[in-house]
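Shown next: query_29.pdb, given as PDB, C-alpha atoms.
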MODEL        1
ATOM      1  CA  MET A   5      27.600 -14.681  26.094
ATOM      2  CA  ASN A   6      29.372 -17.577  24.443
ATOM      3  CA  GLN A   7      32.219 -17.389  21.975
ATOM      4  CA  THR A   8      30.012 -18.410  19.089
ATOM      5  CA  ALA A   9      27.835 -15.345  19.564
ATOM      6  CA  ASN A  10      30.824 -13.023  19.570
ATOM      7  CA  GLU A  11      32.215 -14.641  16.431
ATOM      8  CA  ALA A  12      28.821 -14.304  14.771
ATOM      9  CA  ALA A  13      28.788 -10.585  15.494
ATOM     10  CA  GLY A  14      32.160 -10.176  13.840
ATOM     11  CA  LEU A  15      31.253 -12.208  10.755
ATOM     12  CA  HIS A  16      27.655 -10.998  10.327
ATOM     13  CA  THR A  17      26.836  -9.482   6.935
ATOM     14  CA  SER A  18      23.549  -7.641   6.480
ATOM     15  CA  VAL A  19      21.554  -8.904   3.503
ATOM     16  CA  LEU A  20      20.717  -6.535   0.610
ATOM     17  CA  LEU A  21      22.389  -3.660   2.440
ATOM     18  CA  ASN A  22      22.944  -1.359  -0.543
ATOM     19  CA  GLU A  23      19.435  -1.995  -1.836
ATOM     20  CA  THR A  24      17.975  -1.230   1.598
ATOM     21  CA  LEU A  25      19.755   2.121   1.758
ATOM     22  CA  LYS A  26      18.651   2.949  -1.796
ATOM     23  CA  PHE A  27      14.961   2.338  -1.150
ATOM     24  CA  LEU A  28      15.066   3.892   2.304
ATOM     25  CA  SER A  29      16.485   7.057   0.701
ATOM     26  CA  VAL A  30      18.358   8.025   3.872
ATOM     27  CA  GLN A  31      18.550  11.772   4.491
ATOM     28  CA  SER A  32      20.607  13.692   7.045
ATOM     29  CA  GLY A  33      18.674  14.647  10.166
ATOM     30  CA  ASN A  34      15.906  12.074   9.689
ATOM     31  CA  THR A  35      14.735   9.409  12.154
ATOM     32  CA  TYR A  36      14.565   5.735  11.183
ATOM     33  CA  VAL A  37      13.415   2.558  12.883
ATOM     34  CA  ASP A  38      15.234  -0.740  12.490
ATOM     35  CA  ALA A  39      12.394  -2.917  13.731
ATOM     36  CA  THR A  40      14.472  -6.116  13.685
ATOM     37  CA  LEU A  41      17.806  -4.711  14.811
ATOM     38  CA  GLY A  42      19.728  -7.982  15.045
ATOM     39  CA  MET A  43      23.423  -7.194  15.264
ATOM     40  CA  GLY A  44      22.956  -3.680  13.918
ATOM     41  CA  GLY A  45      24.316  -3.945  10.378
ATOM     42  CA  HIS A  46      21.506  -2.067   8.628
ATOM     43  CA  ALA A  47      21.326   0.464  11.467
ATOM     44  CA  GLU A  48      25.066   1.115  11.309
ATOM     45  CA  ALA A  49      24.813   1.834   7.576
ATOM     46  CA  VAL A  50      21.938   4.293   8.115
ATOM     47  CA  LEU A  51      23.925   6.048  10.852
ATOM     48  CA  GLY A  52      26.716   6.544   8.328
ATOM     49  CA  THR A  53      24.671   9.490   7.055
ATOM     50  CA  PRO A  54      25.326  12.448   9.397
ATOM     51  CA  LYS A  55      22.739  13.483  11.983
ATOM     52  CA  THR A  56      20.457  10.519  11.336
ATOM     53  CA  ARG A  57      18.794   8.870  14.325
ATOM     54  CA  ILE A  58      18.015   5.181  14.745
ATOM     55  CA  ILE A  59      15.406   3.546  16.964
ATOM     56  CA  GLY A  60      16.446  -0.118  17.161
ATOM     57  CA  ILE A  61      13.973  -2.803  18.216
ATOM     58  CA  ASP A  62      14.780  -6.445  18.923
ATOM     59  CA  GLN A  63      13.355  -9.063  21.273
ATOM     60  CA  ASP A  64      16.591 -11.059  21.544
ATOM     61  CA  VAL A  65      18.557  -9.842  24.566
ATOM     62  CA  GLU A  66      21.845 -11.158  23.139
ATOM     63  CA  ALA A  67      21.300  -9.267  19.893
ATOM     64  CA  VAL A  68      20.431  -6.102  21.811
ATOM     65  CA  ASP A  69      23.666  -6.362  23.795
ATOM     66  CA  LEU A  70      25.809  -6.898  20.689
ATOM     67  CA  ALA A  71      24.111  -4.128  18.715
ATOM     68  CA  GLN A  72      24.515  -1.736  21.624
ATOM     69  CA  LYS A  73      28.262  -2.332  21.629
ATOM     70  CA  ARG A  74      28.494  -2.067  17.849
ATOM     71  CA  LEU A  75      26.573   1.224  17.712
ATOM     72  CA  ASP A  76      27.897   2.761  20.914
ATOM     73  CA  ARG A  77      30.133   5.193  19.027
ATOM     74  CA  PHE A  78      27.078   6.980  17.623
ATOM     75  CA  GLY A  79      26.054   8.071  21.123
ATOM     76  CA  GLU A  80      22.640   9.728  21.545
ATOM     77  CA  ARG A  81      21.758   9.159  17.895
ATOM     78  CA  VAL A  82      20.893   5.539  18.832
ATOM     79  CA  THR A  83      18.067   4.288  21.040
ATOM     80  CA  ILE A  84      17.664   0.514  21.446
ATOM     81  CA  VAL A  85      14.546  -1.085  22.928
ATOM     82  CA  LYS A  86      14.023  -4.756  23.767
ATOM     83  CA  ALA A  87      10.649  -5.541  22.193
ATOM     84  CA  ASN A  88       9.028  -7.460  19.369
ATOM     85  CA  PHE A  89       8.815  -5.678  16.022
ATOM     86  CA  SER A  90       5.024  -5.921  16.253
ATOM     87  CA  GLU A  91       5.198  -3.453  19.163
ATOM     88  CA  ILE A  92       6.524  -0.602  17.007
ATOM     89  CA  LYS A  93       3.600   1.719  17.805
ATOM     90  CA  GLU A  94       3.967   1.193  21.549
ATOM     91  CA  VAL A  95       7.746   1.684  21.417
ATOM     92  CA  LEU A  96       7.448   4.992  19.566
ATOM     93  CA  LEU A  97       4.636   6.161  21.832
ATOM     94  CA  THR A  98       6.801   5.499  24.891
ATOM     95  CA  LEU A  99       9.624   7.498  23.283
ATOM     96  CA  LYS A 100       7.145  10.301  22.437
ATOM     97  CA  ILE A 101       7.846   9.985  18.726
ATOM     98  CA  GLU A 102       4.765  10.440  16.532
ATOM     99  CA  LYS A 103       6.186   9.848  13.063
ATOM    100  CA  VAL A 104       9.420   8.524  11.526
ATOM    101  CA  ASP A 105      11.025   8.883   8.112
ATOM    102  CA  GLY A 106      11.732   5.241   7.374
ATOM    103  CA  ILE A 107      11.440   1.710   8.741
ATOM    104  CA  ILE A 108      13.475  -1.432   8.069
ATOM    105  CA  ALA A 109      12.318  -4.971   8.871
ATOM    106  CA  ASP A 110      14.708  -7.829   8.078
ATOM    107  CA  LEU A 111      12.639 -10.920   8.867
ATOM    108  CA  GLY A 112      15.472 -13.428   8.672
ATOM    109  CA  VAL A 113      17.062 -15.353  11.519
ATOM    110  CA  SER A 114      20.402 -13.731  12.323
ATOM    111  CA  SER A 115      23.813 -15.385  12.225
ATOM    112  CA  LEU A 116      23.889 -14.957  15.998
ATOM    113  CA  GLN A 117      20.825 -17.147  16.420
ATOM    114  CA  LEU A 118      21.696 -19.728  13.776
ATOM    115  CA  ASP A 119      25.276 -20.150  14.945
ATOM    116  CA  SER A 120      24.623 -20.169  18.701
ATOM    117  CA  GLU A 121      24.888 -23.804  19.718
ATOM    118  CA  ASP A 122      22.353 -23.562  22.556
ATOM    119  CA  ARG A 123      19.470 -21.782  20.790
ATOM    120  CA  GLY A 124      18.055 -24.741  18.847
ATOM    121  CA  PHE A 125      17.523 -22.899  15.551
ATOM    122  CA  SER A 126      19.900 -25.109  13.585
ATOM    123  CA  PHE A 127      20.529 -28.833  13.219
ATOM    124  CA  ARG A 128      24.243 -28.305  12.638
ATOM    125  CA  SER A 129      24.878 -28.984  16.331
ATOM    126  CA  ASP A 130      22.885 -30.869  18.949
ATOM    127  CA  ALA A 131      20.995 -28.543  21.288
ATOM    128  CA  PRO A 132      17.722 -28.282  23.211
ATOM    129  CA  LEU A 133      14.847 -27.688  20.804
ATOM    130  CA  ASP A 134      14.127 -24.094  21.860
ATOM    131  CA  MET A 135      13.866 -21.703  18.866
ATOM    132  CA  ARG A 136      12.477 -18.754  20.855
ATOM    133  CA  MET A 137      13.737 -15.346  19.731
ATOM    134  CA  ASP A 138      12.956 -14.126  23.235
ATOM    135  CA  ARG A 139      14.055 -16.815  25.668
ATOM    136  CA  SER A 140      12.406 -15.110  28.629
ATOM    137  CA  SER A 141       8.874 -16.195  27.731
ATOM    138  CA  GLY A 142       6.685 -18.450  25.630
ATOM    139  CA  GLU A 143       6.651 -22.089  24.600
ATOM    140  CA  THR A 144       9.683 -23.725  23.034
ATOM    141  CA  ALA A 145       9.602 -25.867  19.898
ATOM    142  CA  ALA A 146       9.921 -28.935  22.141
ATOM    143  CA  ASP A 147       6.843 -27.750  24.071
ATOM    144  CA  LEU A 148       4.837 -27.515  20.852
ATOM    145  CA  LEU A 149       5.840 -31.016  19.763
ATOM    146  CA  ALA A 150       4.935 -32.331  23.215
ATOM    147  CA  ASN A 151       1.515 -30.681  23.389
ATOM    148  CA  LEU A 152       0.047 -30.311  19.898
ATOM    149  CA  SER A 153      -2.057 -33.032  18.299
ATOM    150  CA  GLU A 154      -0.695 -34.990  15.366
ATOM    151  CA  GLU A 155      -2.985 -33.061  13.015
ATOM    152  CA  ASP A 156      -1.879 -29.692  14.385
ATOM    153  CA  ILE A 157       1.825 -30.604  14.107
ATOM    154  CA  ALA A 158       1.283 -31.672  10.501
ATOM    155  CA  ASN A 159      -0.574 -28.449   9.732
ATOM    156  CA  VAL A 160       2.191 -26.300  11.226
ATOM    157  CA  ILE A 161       4.903 -28.080   9.245
ATOM    158  CA  TYR A 162       2.903 -27.955   6.017
ATOM    159  CA  GLN A 163       1.609 -24.394   6.318
ATOM    160  CA  PHE A 164       4.780 -22.714   7.560
ATOM    161  CA  GLY A 165       7.378 -24.998   5.991
ATOM    162  CA  GLU A 166       5.588 -26.081   2.820
ATOM    163  CA  GLU A 167       6.812 -29.595   3.596
ATOM    164  CA  ARG A 168       4.905 -32.189   1.567
ATOM    165  CA  PHE A 169       5.832 -35.002   3.981
ATOM    166  CA  SER A 170       4.392 -33.120   6.967
ATOM    167  CA  ARG A 171       1.873 -35.820   7.911
ATOM    168  CA  ARG A 172       4.506 -38.534   7.947
ATOM    169  CA  ILE A 173       6.807 -36.397  10.093
ATOM    170  CA  ALA A 174       3.989 -35.534  12.507
ATOM    171  CA  ARG A 175       2.990 -39.180  12.826
ATOM    172  CA  ARG A 176       6.516 -40.229  13.766
ATOM    173  CA  ILE A 177       6.839 -37.392  16.281
ATOM    174  CA  VAL A 178       3.643 -38.498  18.027
ATOM    175  CA  GLU A 179       4.638 -42.177  17.889
ATOM    176  CA  ARG A 180       7.853 -41.299  19.735
ATOM    177  CA  ARG A 181       5.880 -39.237  22.227
ATOM    178  CA  LYS A 182       3.528 -42.123  22.963
ATOM    179  CA  ALA A 183       6.520 -44.405  23.495
ATOM    180  CA  GLY A 184       7.869 -42.025  26.143
ATOM    181  CA  GLN A 185      10.606 -40.657  23.862
ATOM    182  CA  ALA A 186       9.484 -37.095  23.166
ATOM    183  CA  VAL A 187      11.564 -35.126  20.659
ATOM    184  CA  THR A 188      13.506 -32.580  22.709
ATOM    185  CA  THR A 189      16.757 -31.890  20.813
ATOM    186  CA  THR A 190      17.723 -30.633  17.378
ATOM    187  CA  LYS A 191      19.581 -33.833  16.569
ATOM    188  CA  GLU A 192      16.570 -36.014  17.430
ATOM    189  CA  LEU A 193      14.270 -33.931  15.242
ATOM    190  CA  ALA A 194      16.686 -33.734  12.303
ATOM    191  CA  GLU A 195      17.251 -37.500  12.326
ATOM    192  CA  LEU A 196      13.514 -38.193  12.564
ATOM    193  CA  VAL A 197      12.796 -35.917   9.605
ATOM    194  CA  GLU A 198      15.590 -37.476   7.542
ATOM    195  CA  ARG A 199      13.994 -40.897   8.051
ATOM    196  CA  SER A 200      10.580 -39.511   7.076
ATOM    197  CA  VAL A 201      11.394 -37.486   3.967
ATOM    198  CA  LYS A 202      12.130 -38.859   0.522
ATOM    199  CA  ARG A 203      15.022 -36.742  -0.646
ATOM    200  CA  SER A 204      15.593 -36.107  -4.334
ATOM    201  CA  PRO A 205      19.175 -35.931  -5.637
ATOM    202  CA  LYS A 206      18.216 -32.468  -6.937
ATOM    203  CA  ASP A 207      17.457 -31.142  -3.445
ATOM    204  CA  LYS A 208      19.989 -28.504  -2.394
ATOM    205  CA  ILE A 209      18.791 -28.181   1.203
ATOM    206  CA  HIS A 210      18.892 -30.540   4.178
ATOM    207  CA  PRO A 211      15.681 -32.606   4.542
ATOM    208  CA  ALA A 212      14.965 -31.012   7.941
ATOM    209  CA  THR A 213      15.252 -27.401   6.758
ATOM    210  CA  ARG A 214      11.549 -26.870   6.074
ATOM    211  CA  THR A 215      10.469 -28.487   9.352
ATOM    212  CA  PHE A 216      12.879 -26.361  11.397
ATOM    213  CA  GLN A 217      11.677 -23.243   9.567
ATOM    214  CA  ALA A 218       8.053 -24.106  10.272
ATOM    215  CA  LEU A 219       8.593 -24.668  13.980
ATOM    216  CA  ARG A 220      10.577 -21.433  14.331
ATOM    217  CA  ILE A 221       7.754 -19.484  12.686
ATOM    218  CA  ALA A 222       5.146 -21.141  14.913
ATOM    219  CA  VAL A 223       7.125 -20.645  18.140
ATOM    220  CA  ASN A 224       7.654 -16.935  17.456
ATOM    221  CA  ARG A 225       4.243 -16.309  15.840
ATOM    222  CA  GLU A 226       6.053 -14.670  12.948
ATOM    223  CA  ILE A 227       3.248 -14.965  10.415
ATOM    224  CA  ASP A 228       0.491 -14.014  12.864
ATOM    225  CA  ILE A 229       2.035 -10.630  13.580
ATOM    226  CA  LEU A 230       3.528  -9.725  10.198
ATOM    227  CA  GLU A 231       0.482  -8.116   8.569
ATOM    228  CA  ASP A 232      -0.333  -6.201  11.763
ATOM    229  CA  PHE A 233       3.255  -4.923  11.846
ATOM    230  CA  ILE A 234       3.044  -3.659   8.258
ATOM    231  CA  ASN A 235      -0.232  -1.851   8.979
ATOM    232  CA  ASP A 236       1.192  -0.251  12.116
ATOM    233  CA  ALA A 237       4.466   0.627  10.397
ATOM    234  CA  ALA A 238       2.604   2.396   7.589
ATOM    235  CA  GLY A 239       0.670   4.318  10.216
ATOM    236  CA  VAL A 240       3.755   5.782  11.918
ATOM    237  CA  LEU A 241       5.495   6.899   8.707
ATOM    238  CA  GLN A 242       5.696  10.538   7.726
ATOM    239  CA  ILE A 243       4.160  11.372   4.357
ATOM    240  CA  GLY A 244       6.909  10.364   1.944
ATOM    241  CA  GLY A 245       8.455   8.033   4.533
ATOM    242  CA  ARG A 246       9.512   4.599   3.369
ATOM    243  CA  LEU A 247       9.076   1.027   4.574
ATOM    244  CA  VAL A 248      11.564  -1.669   3.513
ATOM    245  CA  VAL A 249      10.811  -5.321   4.333
ATOM    246  CA  ILE A 250      13.174  -8.226   3.637
ATOM    247  CA  SER A 251      11.682 -11.725   3.776
ATOM    248  CA  PHE A 252      13.282 -15.133   3.330
ATOM    249  CA  HIS A 253      10.593 -17.553   2.233
ATOM    250  CA  SER A 254       7.558 -17.517  -0.027
ATOM    251  CA  LEU A 255       4.929 -17.439   2.727
ATOM    252  CA  GLU A 256       6.393 -14.296   4.296
ATOM    253  CA  ASP A 257       6.891 -12.629   0.920
ATOM    254  CA  ARG A 258       3.299 -13.363  -0.064
ATOM    255  CA  ILE A 259       1.990 -11.745   3.138
ATOM    256  CA  VAL A 260       4.195  -8.674   2.612
ATOM    257  CA  LYS A 261       3.050  -8.376  -1.003
ATOM    258  CA  GLN A 262      -0.639  -8.673  -0.120
ATOM    259  CA  ALA A 263      -0.370  -6.295   2.846
ATOM    260  CA  PHE A 264       1.313  -3.697   0.624
ATOM    261  CA  GLN A 265      -1.337  -4.138  -2.066
ATOM    262  CA  LYS A 266      -4.128  -3.693   0.447
ATOM    263  CA  LEU A 267      -2.510  -0.496   1.717
ATOM    264  CA  THR A 268      -2.440   0.888  -1.842
ATOM    265  CA  GLY A 269      -6.230   0.671  -1.823
ATOM    266  CA  LYS A 270      -6.459  -2.514  -3.866
ATOM    267  CA  CYS A 271      -9.487  -4.543  -2.804
ATOM    268  CA  MET A 272      -8.493  -8.044  -1.667
ATOM    269  CA  CYS A 273     -12.046  -9.408  -1.432
ATOM    270  CA  PRO A 274     -13.172 -12.435  -3.490
ATOM    271  CA  PRO A 275     -14.443 -11.265  -6.919
ATOM    272  CA  ARG A 276     -18.103 -12.290  -6.381
ATOM    273  CA  ILE A 277     -18.613 -10.187  -3.241
ATOM    274  CA  PRO A 278     -20.896  -7.264  -4.276
ATOM    275  CA  GLN A 279     -19.012  -4.635  -2.247
ATOM    276  CA  CYS A 280     -15.621  -4.331  -0.588
ATOM    277  CA  VAL A 281     -15.463  -5.531   3.014
ATOM    278  CA  CYS A 282     -11.688  -5.878   3.383
ATOM    279  CA  GLY A 283     -11.206  -2.229   4.330
ATOM    280  CA  ALA A 284      -8.517  -1.485   1.740
ATOM    281  CA  THR A 285      -7.497   2.184   1.788
ATOM    282  CA  LYS A 286      -4.736   4.012  -0.091
ATOM    283  CA  THR A 287      -1.949   4.632   2.413
ATOM    284  CA  LEU A 288       1.129   3.437   0.519
ATOM    285  CA  GLU A 289       2.641   3.545  -2.942
ATOM    286  CA  ILE A 290       4.641   0.446  -3.872
ATOM    287  CA  LEU A 291       8.207   1.151  -5.011
ATOM    288  CA  THR A 292       9.124  -2.402  -6.049
ATOM    289  CA  ARG A 293       6.952  -3.913  -8.785
ATOM    290  CA  LYS A 294       8.744  -7.210  -8.204
ATOM    291  CA  PRO A 295      10.788  -8.230  -5.158
ATOM    292  CA  VAL A 296      14.438  -7.192  -5.276
ATOM    293  CA  VAL A 297      16.836 -10.125  -4.894
ATOM    294  CA  ALA A 298      20.558 -10.435  -4.239
ATOM    295  CA  GLY A 299      23.020 -10.470  -7.101
ATOM    296  CA  GLU A 300      25.487 -13.268  -7.785
ATOM    297  CA  ALA A 301      28.353 -11.412  -6.105
ATOM    298  CA  GLU A 302      26.463 -11.011  -2.825
ATOM    299  CA  ILE A 303      25.253 -14.614  -2.875
ATOM    300  CA  TYR A 304      28.833 -15.786  -3.408
ATOM    301  CA  THR A 305      30.080 -13.922  -0.328
ATOM    302  CA  ASN A 306      26.924 -14.416   1.754
ATOM    303  CA  PRO A 307      24.977 -17.590   0.777
ATOM    304  CA  ARG A 308      22.124 -16.691   3.165
ATOM    305  CA  ALA A 309      21.216 -13.873   0.766
ATOM    306  CA  ARG A 310      20.090 -16.432  -1.833
ATOM    307  CA  SER A 311      16.501 -16.573  -0.594
ATOM    308  CA  ALA A 312      16.149 -12.903   0.430
ATOM    309  CA  LYS A 313      13.426 -10.786  -1.188
ATOM    310  CA  LEU A 314      13.085  -7.054  -0.597
ATOM    311  CA  ARG A 315       9.892  -5.081  -1.046
ATOM    312  CA  ALA A 316       9.561  -1.347  -0.441
ATOM    313  CA  ALA A 317       6.728   1.167  -0.236
ATOM    314  CA  GLN A 318       6.301   4.873   0.444
ATOM    315  CA  ARG A 319       3.702   6.619   2.616
ATOM    316  CA  PHE A 320       1.150   8.278   0.336
ATOM    317  CA  VAL A 321      -1.119  10.278   2.645
TER
ENDMDL
END
What does this structure look like when you write it as structure tokens?
Amino acid sequence: MNQTANEAAGLHTSVLLNETLKFLSVQSGNTYVDATLGMGGHAEAVLGTPKTRIIGIDQDVEAVDLAQKRLDRFGERVTIVKANFSEIKEVLLTLKIEKVDGIIADLGVSSLQLDSEDRGFSFRSDAPLDMRMDRSSGETAADLLANLSEEDIANVIYQFGEERFSRRIARRIVERRKAGQAVTTTKELAELVERSVKRSPKDKIHPATRTFQALRIAVNREIDILEDFINDAAGVLQIGGRLVVISFHSLEDRIVKQAFQKLTGKCMCPPRIPQCVCGATKTLEILTRKPVVAGEAEIYTNPRARSAKLRAAQRFV
């Protein structure tokens, strides 16, 4: 593991930590799942309550290794499994655990991933355009840009990044590809996007931010599996158990909101359909009428908290 990863572990600050503990309502002796363990910050805070148990899930082998070292002092109260958060049911089944008392899912990219120079998540340093959370399988971001059609690239960047210049960016990516100069590094992609996007003086983010976000979501199928995860997570909660989800952009937050609403029994069908076909059933009660966001003090010390939104719900029946 490189030095950057170790430094990231030391500097990592979990977003909305106090709010997470409040809505999780941690009780001594209970079992909790941190479905996106990362470097173990939320899990460590939960374990601060005596006799609690944590099941940590993460697909990033580097994160698993760091979290294991961080949480080692808690001994048998911690079980860490390398898996995707969408596999929560299978993980618990393998561990012979039927129900848990609370679940955390922090959907953000960790400091470890952003700051690792060879992962390709950030344009701050030049690196292969990878972006896989689990580097042992699946297509990289460079693979997607090499294989998708111009229309599909534009759709990915627009849908997952909400980038209004998506078609122009996609066209330039394909033009390079046809000229035998496929985009394979973070620097190449960032420079291409900068040349394609009209940046307003009011913009506070780098022009390539939305495109990088979109490709990361596509590579890791983050949106595809999010609603399924929420449904499965609700299913493995004890009655009264709580689910806390932290998202970092509007598309994720909208899916979390709608999935929660559906699980409260609210019909999500179009209004003109004569009868409900969406299958909404009352499983959860929503605890957050609006998403909880970070305060000014937290944003000052941890700028990545600026876009975080927390939603929480409790198992009803």
Interatomic distance, atom CA of A:Leu196 to atom CA of A:Ile161 (Å, one decimal): 13.7 Å
Residue with smallest distance to A:Thr292 - pool A:Arg276, A:Lys261, A:Lys93, A:Arg319, counting only C-alpha atoms: A:Lys261
The PyMOL selection byres ((chain A and resi 81) around 12) applied to the shown file, residues as an MDAnalysis selection string: chainID A and resid 32:37 47:48 50:60 72 75:80 82:84
Among the residues A:Asn224, A:Thr268, A:Ser29, A:Asn22, the one that comes closest to A:Phe164 [using only C-alpha atoms]: A:Asn224
I'd like the contact shell of A:Asp130 - 8 Å cut-off, only C-alpha atoms, skipping same-chain residues fewer than 5 positions apart - returned as a compact mmCIF listing (two decimals) with C-alpha atoms, keeping the file's coordinate frame.
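File written: out28.txt
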# COMPACT_ATOMS: atom_id res chain seq x y z
CA GLU A 121 24.89 -23.80 19.72
CA GLY A 124 18.06 -24.74 18.85
CA THR A 189 16.76 -31.89 20.81
CA THR A 190 17.72 -30.63 17.38
CA LYS A 191 19.58 -33.83 16.57
Contacts of A:Ala109 at 7 Å (all atoms listed in the file; same-chain gap of 3+ positions) as a ChimeraX atom specification: /A:38-40,248-250
Residues returned when the PyMOL selection byres ((chain A and resi 155) around 10) runs on this file, as a ChimeraX atom specification: /A:152-154,156-160,170-171,174-175,178
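Rounded to one decimal, atom CA of A:Val104 and atom CA of A:Gln262 lie 23.1 Å from each other.
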Exercise: A:Arg203 partners within 12 Å, only C-alpha atoms, chain neighbours under 6 positions left out, as number ranges by chain: A: 167-169, 197, 209-213
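If you look at atom CA of A:Ser90 and atom CA of A:Ile229, they are 6.2 Å away from each other.
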Picked residues, the PyMOL selection byres ((chain A and resi 252-258) around 9), as a PyMOL selection string: chain A and resi 110-112+163-166+226-227+230+249-251+259-263+295+308-315
Centre and size of axis-aligned box enclosing stretch 204-217 of chain A plus 3 Å each side, as lines of an AutoDock Vina configuration file:
center_x = 15.2
center_y = -29.7
center_z = 2.2
size_x = 15.5
size_y = 18.9
size_z = 24.3
All residues 9 Å or closer to A:Lys86, all atoms listed in the file, same chain fewer than 5 positions away omitted, as a VMD selection string: chain A and resid 60 to 65 68
